[in-house]
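Quick look at start-v4.txt (compact mmCIF, C-alpha atoms):
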```
# COMPACT_ATOMS: atom_id res chain seq x y z
CA MET A 1 15.12 -39.04 -0.69
CA GLU A 2 15.42 -36.14 1.74
CA TRP A 3 13.15 -33.16 1.10
CA LYS A 4 14.88 -30.39 2.99
CA THR A 5 14.11 -26.85 1.80
CA ARG A 6 13.79 -23.54 3.62
CA VAL A 7 10.06 -24.21 3.86
CA THR A 8 10.47 -27.58 5.60
CA GLU A 9 13.04 -26.09 7.97
CA THR A 10 11.01 -22.97 8.76
CA PHE A 11 7.76 -24.79 9.46
CA GLY A 12 9.11 -28.09 10.80
CA ILE A 13 7.47 -30.30 8.16
CA ASN A 14 8.71 -33.25 6.10
CA TYR A 15 7.66 -32.06 2.66
CA PRO A 16 7.49 -28.51 1.24
CA ILE A 17 3.73 -28.68 0.65
CA VAL A 18 1.19 -26.34 2.26
CA GLN A 19 -2.58 -26.80 2.07
CA GLY A 20 -4.50 -23.68 1.10
CA GLY A 21 -6.94 -21.92 3.42
CA LEU A 22 -10.03 -23.09 1.46
CA ALA A 23 -12.93 -21.03 2.80
CA HIS A 24 -15.79 -23.15 4.23
CA LEU A 25 -13.79 -26.33 3.54
CA ALA A 26 -10.50 -26.40 5.47
CA TYR A 27 -11.34 -27.79 8.87
CA ALA A 28 -9.73 -30.17 11.36
CA ASP A 29 -10.09 -33.43 9.41
CA LEU A 30 -8.32 -32.07 6.34
CA ALA A 31 -5.74 -29.98 8.19
CA ALA A 32 -4.69 -32.86 10.45
CA ALA A 33 -4.52 -35.29 7.53
CA VAL A 34 -2.20 -32.99 5.58
CA SER A 35 0.04 -32.43 8.60
CA ASN A 36 0.13 -36.14 9.44
CA ALA A 37 1.17 -36.86 5.85
CA GLY A 38 4.15 -34.53 6.15
CA GLY A 39 2.82 -31.21 4.86
CA LEU A 40 1.39 -28.16 6.60
CA GLY A 41 -2.38 -28.39 6.99
CA GLN A 42 -4.49 -25.33 7.72
CA VAL A 43 -7.82 -24.43 9.29
CA THR A 44 -9.87 -21.61 7.78
CA ALA A 45 -10.57 -19.17 10.62
CA MET A 46 -12.90 -16.62 9.06
CA SER A 47 -15.35 -19.25 7.82
CA LEU A 48 -16.14 -20.05 11.45
CA PRO A 49 -18.88 -18.07 13.21
CA ASN A 50 -17.00 -16.91 16.30
CA PRO A 51 -13.72 -17.17 18.25
CA GLU A 52 -14.88 -20.07 20.41
CA ARG A 53 -15.66 -22.18 17.36
CA LEU A 54 -12.15 -21.46 16.11
CA ARG A 55 -10.76 -22.53 19.48
CA GLU A 56 -12.72 -25.78 19.26
CA GLU A 57 -11.43 -26.44 15.74
CA ILE A 58 -7.82 -25.75 16.72
CA ARG A 59 -8.11 -28.12 19.67
CA ARG A 60 -9.64 -30.74 17.44
CA VAL A 61 -6.66 -30.50 15.08
CA LYS A 62 -4.36 -30.94 18.07
CA SER A 63 -6.29 -34.08 19.06
CA LEU A 64 -5.76 -35.52 15.58
CA THR A 65 -2.09 -34.65 15.00
CA SER A 66 1.04 -33.78 16.91
CA LYS A 67 2.57 -32.23 13.80
CA PRO A 68 2.74 -28.50 12.94
CA PHE A 69 -0.35 -26.94 11.35
CA GLY A 70 -1.58 -23.46 10.50
CA VAL A 71 -4.62 -21.22 10.76
CA ASN A 72 -5.59 -19.14 7.74
CA PHE A 73 -7.01 -15.62 8.07
CA ALA A 74 -8.73 -14.50 4.87
CA ILE A 75 -9.20 -10.87 5.84
CA GLY A 76 -9.69 -9.04 2.55
CA GLN A 77 -13.39 -9.69 1.94
CA GLN A 78 -14.53 -9.89 5.54
CA ARG A 79 -17.32 -7.67 6.86
CA ARG A 80 -16.46 -8.46 10.49
CA PRO A 81 -13.40 -7.90 12.69
CA PHE A 82 -10.77 -10.63 12.83
CA GLU A 83 -8.74 -9.50 15.84
CA GLN A 84 -10.53 -11.75 18.35
CA MET A 85 -9.95 -14.72 16.05
CA VAL A 86 -6.24 -13.93 15.89
CA HIS A 87 -6.13 -13.69 19.70
CA VAL A 88 -7.52 -17.23 19.90
CA ALA A 89 -4.78 -18.51 17.58
CA ILE A 90 -2.20 -16.81 19.80
CA GLU A 91 -3.74 -18.17 23.01
CA GLU A 92 -3.84 -21.67 21.56
CA LYS A 93 -0.19 -21.36 20.51
CA VAL A 94 -0.76 -22.49 16.94
CA PRO A 95 2.51 -23.22 15.11
CA ALA A 96 1.74 -21.07 12.06
CA ILE A 97 -0.75 -18.62 10.60
CA SER A 98 -1.29 -17.39 7.06
CA VAL A 99 -2.86 -14.16 5.88
CA THR A 100 -4.70 -13.91 2.57
CA GLY A 101 -6.75 -11.35 0.73
CA GLY A 102 -5.74 -8.13 2.49
CA ASN A 103 -3.02 -6.02 4.10
CA PRO A 104 -1.30 -8.42 6.52
CA LYS A 105 0.27 -5.74 8.75
CA SER A 106 -2.22 -5.82 11.61
CA VAL A 107 -2.17 -9.61 11.87
CA LEU A 108 1.61 -9.83 11.63
CA ASP A 109 1.96 -7.14 14.31
CA MET A 110 -0.39 -9.04 16.62
CA VAL A 111 1.56 -12.31 16.47
CA LYS A 112 5.05 -10.84 16.79
CA GLY A 113 6.90 -12.24 19.78
CA HIS A 114 4.63 -15.26 20.17
CA GLY A 115 6.79 -17.78 18.30
CA ILE A 116 4.23 -18.24 15.52
CA LYS A 117 5.52 -18.68 11.97
CA THR A 118 3.77 -16.52 9.38
CA LEU A 119 2.91 -16.86 5.69
CA VAL A 120 1.39 -14.20 3.45
CA LEU A 121 -0.34 -14.83 0.13
CA VAL A 122 0.80 -12.40 -2.58
CA ALA A 123 0.07 -11.91 -6.27
CA ALA A 124 2.82 -9.44 -7.17
CA ARG A 125 6.50 -8.82 -6.50
CA ARG A 126 5.78 -5.56 -4.69
CA GLN A 127 3.37 -7.32 -2.32
CA ALA A 128 6.01 -9.95 -1.56
CA GLU A 129 8.62 -7.31 -0.79
CA LYS A 130 6.18 -5.53 1.52
CA ALA A 131 5.33 -8.79 3.32
CA GLU A 132 9.02 -9.39 3.92
CA GLN A 133 9.45 -5.86 5.28
CA LEU A 134 6.54 -6.46 7.65
CA GLY A 135 8.24 -9.56 9.05
CA ALA A 136 6.54 -12.47 7.27
CA ASP A 137 8.49 -15.73 7.48
CA ALA A 138 7.43 -16.83 3.98
CA VAL A 139 5.27 -15.74 1.06
CA MET A 140 2.91 -17.81 -1.07
CA VAL A 141 2.88 -16.56 -4.66
CA VAL A 142 -0.41 -17.15 -6.51
CA GLY A 143 -0.63 -16.82 -10.27
CA GLN A 144 -3.68 -16.47 -12.49
CA GLU A 145 -4.10 -20.25 -12.65
CA GLY A 146 -5.13 -20.39 -9.00
CA GLY A 147 -8.61 -21.01 -7.63
CA GLY A 148 -10.43 -18.51 -5.46
CA HIS A 149 -9.07 -14.99 -5.15
CA ILE A 150 -6.12 -14.17 -7.38
CA GLY A 151 -4.18 -11.09 -8.38
CA ARG A 152 -5.53 -8.20 -10.43
CA SER A 153 -2.95 -8.67 -13.18
CA ASP A 154 -2.91 -11.58 -15.63
CA THR A 155 0.51 -12.85 -14.54
CA GLY A 156 0.82 -16.63 -14.36
CA THR A 157 2.58 -18.75 -11.76
CA PHE A 158 5.40 -19.64 -14.16
CA VAL A 159 6.42 -15.98 -14.51
CA LEU A 160 5.51 -14.72 -11.05
CA THR A 161 7.37 -17.37 -9.04
CA PRO A 162 10.92 -16.60 -10.26
CA GLN A 163 10.13 -12.88 -10.30
CA VAL A 164 9.31 -12.96 -6.58
CA SER A 165 12.07 -15.44 -5.73
CA ASP A 166 14.67 -13.08 -7.18
CA TYR A 167 13.54 -10.12 -5.07
CA VAL A 168 12.91 -11.46 -1.58
CA SER A 169 15.19 -13.30 0.81
CA ILE A 170 12.49 -15.23 2.69
CA PRO A 171 11.15 -18.62 1.52
CA VAL A 172 8.72 -18.59 -1.41
CA LEU A 173 5.93 -21.07 -2.10
CA ALA A 174 4.45 -21.28 -5.59
CA SER A 175 0.67 -21.54 -5.91
CA GLY A 176 -1.75 -21.79 -8.82
CA GLY A 177 -2.14 -24.71 -11.22
CA ILE A 178 -0.04 -27.08 -9.09
CA VAL A 179 -1.55 -30.49 -8.31
CA ASP A 180 1.19 -33.12 -8.58
CA GLY A 181 4.89 -34.00 -8.39
CA ARG A 182 5.61 -32.34 -11.70
CA GLY A 183 4.22 -29.10 -10.36
CA LEU A 184 6.35 -29.41 -7.22
CA MET A 185 9.52 -29.94 -9.21
CA ALA A 186 8.65 -27.11 -11.61
CA ALA A 187 8.17 -24.77 -8.66
CA LEU A 188 11.54 -25.72 -7.18
CA ALA A 189 13.21 -25.24 -10.57
CA LEU A 190 11.69 -21.75 -10.75
CA GLY A 191 13.32 -20.78 -7.47
CA ALA A 192 10.52 -21.55 -5.00
CA ASP A 193 11.13 -23.44 -1.77
CA GLY A 194 7.83 -25.31 -1.88
CA ILE A 195 4.23 -25.21 -3.04
CA GLU A 196 0.77 -24.32 -1.78
CA MET A 197 -2.17 -26.32 -3.17
CA GLY A 198 -5.86 -25.63 -2.77
CA THR A 199 -8.04 -27.26 -5.42
CA ARG A 200 -6.13 -30.55 -5.29
CA PHE A 201 -6.88 -30.95 -1.57
CA ILE A 202 -10.61 -30.40 -2.11
CA ALA A 203 -10.76 -33.63 -4.12
CA THR A 204 -9.64 -35.81 -1.21
CA LYS A 205 -11.56 -38.04 1.15
CA GLU A 206 -10.68 -35.95 4.21
CA CYS A 207 -12.21 -32.79 2.77
CA VAL A 208 -15.46 -33.96 4.32
CA THR A 209 -17.39 -30.70 3.97
CA ALA A 210 -17.04 -30.69 0.16
CA HIS A 211 -20.16 -32.19 -1.44
CA PRO A 212 -19.61 -35.13 -3.84
CA VAL A 213 -21.17 -33.05 -6.64
CA TYR A 214 -18.49 -30.39 -6.14
CA LYS A 215 -15.69 -32.94 -6.06
CA GLN A 216 -17.03 -34.59 -9.20
CA ALA A 217 -17.19 -31.23 -10.96
CA ILE A 218 -13.49 -30.78 -10.23
CA ILE A 219 -12.71 -34.25 -11.57
CA ASP A 220 -14.79 -33.62 -14.71
CA ALA A 221 -13.11 -30.26 -15.37
CA ASP A 222 -10.87 -29.64 -18.36
CA GLU A 223 -8.55 -26.69 -18.99
CA ASN A 224 -11.52 -24.53 -20.05
CA ALA A 225 -13.78 -25.36 -17.11
CA THR A 226 -13.04 -22.30 -14.96
CA THR A 227 -13.66 -18.58 -15.28
CA VAL A 228 -12.72 -15.42 -13.41
CA ILE A 229 -15.53 -13.56 -11.67
CA LYS A 230 -15.61 -10.34 -9.58
CA LYS A 231 -13.18 -8.48 -11.84
CA SER A 232 -15.59 -5.55 -12.07
CA ILE A 233 -15.33 -4.90 -8.32
CA GLY A 234 -11.55 -5.27 -8.16
CA ALA A 235 -11.51 -8.68 -6.48
CA PRO A 236 -10.94 -11.23 -9.26
CA ALA A 237 -11.42 -14.87 -8.32
CA ARG A 238 -11.44 -18.12 -10.29
CA ALA A 239 -14.43 -20.48 -10.09
CA LEU A 240 -15.89 -23.42 -11.96
CA LYS A 241 -18.03 -22.39 -14.91
CA GLY A 242 -21.76 -22.94 -14.55
CA ARG A 243 -25.14 -21.32 -14.81
CA TRP A 244 -24.51 -19.30 -11.65
CA THR A 245 -21.16 -17.88 -12.78
CA GLU A 246 -22.72 -17.04 -16.15
CA GLN A 247 -25.27 -14.90 -14.33
CA ILE A 248 -22.49 -13.22 -12.36
CA LEU A 249 -20.60 -12.37 -15.53
CA GLU A 250 -23.76 -10.99 -17.13
CA ILE A 251 -24.33 -8.68 -14.17
CA GLU A 252 -20.70 -7.59 -14.31
CA ALA A 253 -20.96 -6.88 -18.03
CA ASP A 254 -23.87 -4.52 -17.30
CA LYS A 255 -21.63 -2.68 -14.79
CA ASN A 256 -24.28 -2.64 -12.08
CA GLY A 257 -21.77 -2.72 -9.23
CA TYR A 258 -21.45 -4.58 -5.94
CA GLU A 259 -25.04 -4.16 -4.78
CA SER A 260 -26.32 -6.09 -7.79
CA LEU A 261 -23.65 -8.77 -7.31
CA LYS A 262 -23.59 -9.29 -3.57
CA ASP A 263 -26.22 -12.04 -3.34
CA TYR A 264 -24.63 -13.92 -6.22
CA ILE A 265 -21.06 -13.83 -4.83
CA SER A 266 -21.93 -14.30 -1.17
CA GLY A 267 -20.63 -17.01 1.11
CA GLU A 268 -24.14 -18.46 1.18
CA ALA A 269 -24.16 -18.83 -2.62
CA ASN A 270 -20.76 -20.49 -2.38
CA LYS A 271 -21.95 -22.93 0.28
CA ARG A 272 -25.09 -23.88 -1.66
CA PHE A 273 -22.81 -25.49 -4.23
CA ILE A 274 -19.83 -26.71 -2.23
CA HIS A 275 -21.78 -27.98 0.81
CA ASP A 276 -25.21 -28.82 -0.60
CA GLY A 277 -24.29 -29.77 -4.17
CA LYS A 278 -26.76 -27.30 -5.73
CA GLU A 279 -24.63 -26.41 -8.72
CA THR A 280 -27.33 -24.32 -10.40
CA GLU A 281 -27.90 -22.27 -7.24
CA GLY A 282 -24.34 -21.32 -6.35
CA PHE A 283 -20.69 -21.51 -7.32
CA GLY A 284 -17.51 -23.31 -6.32
CA TRP A 285 -13.93 -22.07 -6.42
CA ALA A 286 -11.40 -24.03 -8.47
CA GLY A 287 -8.11 -23.39 -10.22
CA GLN A 288 -7.08 -24.39 -13.72
CA GLY A 289 -5.19 -27.29 -12.17
CA ALA A 290 -8.55 -29.04 -11.84
CA ALA A 291 -7.94 -30.27 -15.39
CA ARG A 292 -5.14 -32.45 -13.96
CA ILE A 293 -7.23 -33.94 -11.13
CA HIS A 294 -8.75 -37.34 -11.90
CA ASP A 295 -9.40 -39.07 -8.57
CA ILE A 296 -10.38 -38.62 -4.93
CA PRO A 297 -7.63 -40.25 -2.86
CA THR A 298 -6.94 -40.00 0.83
CA VAL A 299 -4.56 -37.18 1.71
CA GLU A 300 -1.89 -39.73 2.58
CA GLN A 301 -2.24 -41.38 -0.83
CA LEU A 302 -2.11 -38.00 -2.54
CA MET A 303 1.02 -36.88 -0.71
CA LYS A 304 2.78 -40.16 -1.42
CA SER A 305 1.85 -39.88 -5.10
CA ILE A 306 3.20 -36.33 -5.32
CA ILE A 307 6.46 -37.19 -3.61
CA ASN A 308 6.95 -40.43 -5.57
CA GLU A 309 6.46 -38.60 -8.86
CA ALA A 310 8.78 -35.81 -7.79
CA GLU A 311 11.47 -38.29 -6.71
CA LEU A 312 11.32 -40.05 -10.07
CA ILE A 313 11.92 -36.70 -11.74
CA ARG A 314 14.83 -35.93 -9.40
CA LYS A 315 16.42 -39.28 -10.23
CA LYS A 316 15.95 -38.66 -13.95
CA TRP A 317 17.59 -35.25 -13.65
CA CYS A 318 20.52 -36.74 -11.73
CA ILE A 319 21.00 -39.49 -14.32
CA SER A 320 20.86 -36.96 -17.14
```
Let me see whether you can do it: turn the structure in this file into structure tokens.
Amino acid sequence: MEWKTRVTETFGINYPIVQGGLAHLAYADLAAAVSNAGGLGQVTAMSLPNPERLREEIRRVKSLTSKPFGVNFAIGQQRRPFEQMVHVAIEEKVPAISVTGGNPKSVLDMVKGHGIKTLVLVAARRQAEKAEQLGADAVMVVGQEGGGHIGRSDTGTFVLTPQVSDYVSIPVLASGGIVDGRGLMAALALGADGIEMGTRFIATKECVTAHPVYKQAIIDADENATTVIKKSIGAPARALKGRWTEQILEIEADKNGYESLKDYISGEANKRFIHDGKETEGFGWAGQGAARIHDIPTVEQLMKSIINEAELIRKKWCIS
């Protein structure tokens, strides 16, 4: 079956599936594998220490695939400037960039006129409308089911996706709780033009920086295995439950503020779990869709599985 949507046409990919930015995890091996399998893979820029390391990672992706890929800029929680990193993406002529976690205006302004396609992650209709006004080529709509940073409201993907789709004219990708072909077809039925997946791509063989303990925790997860932290500082984010997140929630309940939290929610605490497997000394992001993840395939196997399942549903709909 042909999988032509506004997302595939805009980004020059075979399937309307985009890999999330995945801080400290989305590097060349994963990005290239997703792109080679027909989706849009991405490299996480702001998890890299400097512009030259980003340049090296971009060039490594190019050595592994001739297909389009993206670079993600998670700018909302950064304590360092991102402009030099964006300049590298422009100089390297990356096909696409995405902006998450902050006001995308400065990044979108920087890449205008360079032929780079742009995506913006949003968690509300108003944010999507603003992204369109600023010139974004597509928006990724994340509901409360998603892993990592999510919106401040409790709106789920099932409600948010059609709400945004009805109010913007640019392509929309649904994100949050989507891990398979059923999720893809549900997103399309809700008015989206494709999907973005994060947690599902962590549990793949090509996500080489994710520790086996982290991947196993995702596989072992049920629908109650995640919790939302950082609400008290206005930056809610969904992570796997564990001793570390329990401590975070206790600190938040005492309303001690960012200074008391910062060591617990730092990138170093995140990496202790996701890179080193020390699940009692850190935390790992994951969405509620982890409950539907039961294996660790290659990216190619995963993409084929998603598309095969979606095509069976399409055939069933046509027969009905």
From A:Glu92, A:Glu52, A:Glu129, A:Glu223, residue lying nearest A:Gly177 [only C-alpha atoms]:
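The shortest atom-to-atom distance to A:Gly177 comes from A:Glu223.
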Using only C-alpha atoms, pick whichever of A:Val7, A:Leu184, A:Met110, A:Met85 has the shortest atom-to-atom distance to A:Ile307.
A:Leu184
Would you mind telling me which residue in A:His149, A:Lys304, A:His87, A:Lys62 lies nearest to A:Asn14 when using only C-alpha atoms?
A:Lys304
Could you give me, as a list in words, the residues that sit within 12 Å of (-23.2, -15.2, -15.3) in the file's coordinates, counting all atoms listed in the file?
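So the residues meeting the distance criterion are Thr227, Val228, Ile229, Lys230, Ala239, Leu240, Lys241, Gly242, Arg243, Trp244, Thr245, Glu246, Gln247, Ile248, Leu249, Glu250, Ile251, Glu252, Ala253, Asp254, Leu261, Tyr264, Ile265, Thr280, Glu281, Gly282 and Phe283 of chain A.
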I need the residues from that last selection saved to file as a short mmCIF file (atom, residue, chain, number, x, y, z; two decimals), in the coordinates of the input (with C-alpha atoms), if you can.
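Wrote part18.cif, looks like this:
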```cif
data_model
loop_
_atom_site.label_atom_id
_atom_site.label_comp_id
_atom_site.auth_asym_id
_atom_site.auth_seq_id
_atom_site.Cartn_x
_atom_site.Cartn_y
_atom_site.Cartn_z
CA THR A 227 -13.66 -18.58 -15.28
CA VAL A 228 -12.72 -15.42 -13.41
CA ILE A 229 -15.53 -13.56 -11.67
CA LYS A 230 -15.61 -10.34 -9.58
CA ALA A 239 -14.43 -20.48 -10.09
CA LEU A 240 -15.89 -23.42 -11.96
CA LYS A 241 -18.03 -22.39 -14.91
CA GLY A 242 -21.76 -22.94 -14.55
CA ARG A 243 -25.14 -21.32 -14.81
CA TRP A 244 -24.51 -19.30 -11.65
CA THR A 245 -21.16 -17.88 -12.78
CA GLU A 246 -22.72 -17.04 -16.15
CA GLN A 247 -25.27 -14.90 -14.33
CA ILE A 248 -22.49 -13.22 -12.36
CA LEU A 249 -20.60 -12.37 -15.53
CA GLU A 250 -23.76 -10.99 -17.13
CA ILE A 251 -24.33 -8.68 -14.17
CA GLU A 252 -20.70 -7.59 -14.31
CA ALA A 253 -20.96 -6.88 -18.03
CA ASP A 254 -23.87 -4.52 -17.30
CA LEU A 261 -23.65 -8.77 -7.31
CA TYR A 264 -24.63 -13.92 -6.22
CA ILE A 265 -21.06 -13.83 -4.83
CA THR A 280 -27.33 -24.32 -10.40
CA GLU A 281 -27.90 -22.27 -7.24
CA GLY A 282 -24.34 -21.32 -6.35
CA PHE A 283 -20.69 -21.51 -7.32
#
```
Edge lengths and centre, in Å to one decimal, as JSON: that's what I need for the box along x, y and z that holds all listed atoms of stretch 289-307 of chain A plus 8 Å on each side.
```
{"center_x": -2.0, "center_y": -34.3, "center_z": -6.4, "size_x": 32.8, "size_y": 30.1, "size_z": 34.0}
```
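Considering the residues A:Gly39, A:Gly151, A:Gly156, A:Gly146 and counting all atoms listed in the file, A:Thr65 has its shortest atom-to-atom contact with A:Gly39.
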Provide the atom CA of A:Ser35 to atom CA of A:Gly143 distance in Å, to one decimal place.
24.5 Å
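Residues within 12 Å of A:Arg53, counting all atoms listed in the file and excluding same-chain residues fewer than 6 positions away, are Tyr27, Ala28, Val43, Thr44, Ala45, Met46, Ser47, Arg59, Arg60, Gln84, Met85, Val88 and Ala89 of chain A.
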For a quick check of understanding, using only C-alpha atoms, which of A:Val122, A:Ala128, A:Ile195, A:Ile13 has the smallest distance to A:Asn36?
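Using only C-alpha atoms, the shortest distance to A:Asn36 belongs to A:Ile13.
A straight line drawn from atom CA of A:Ile150 to atom CA of A:His211 is 23.6 Å long.
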Between atom CA of A:Gly135 and atom CA of A:Gln42, measure the distance and give it in Å to one decimal.
20.3 Å
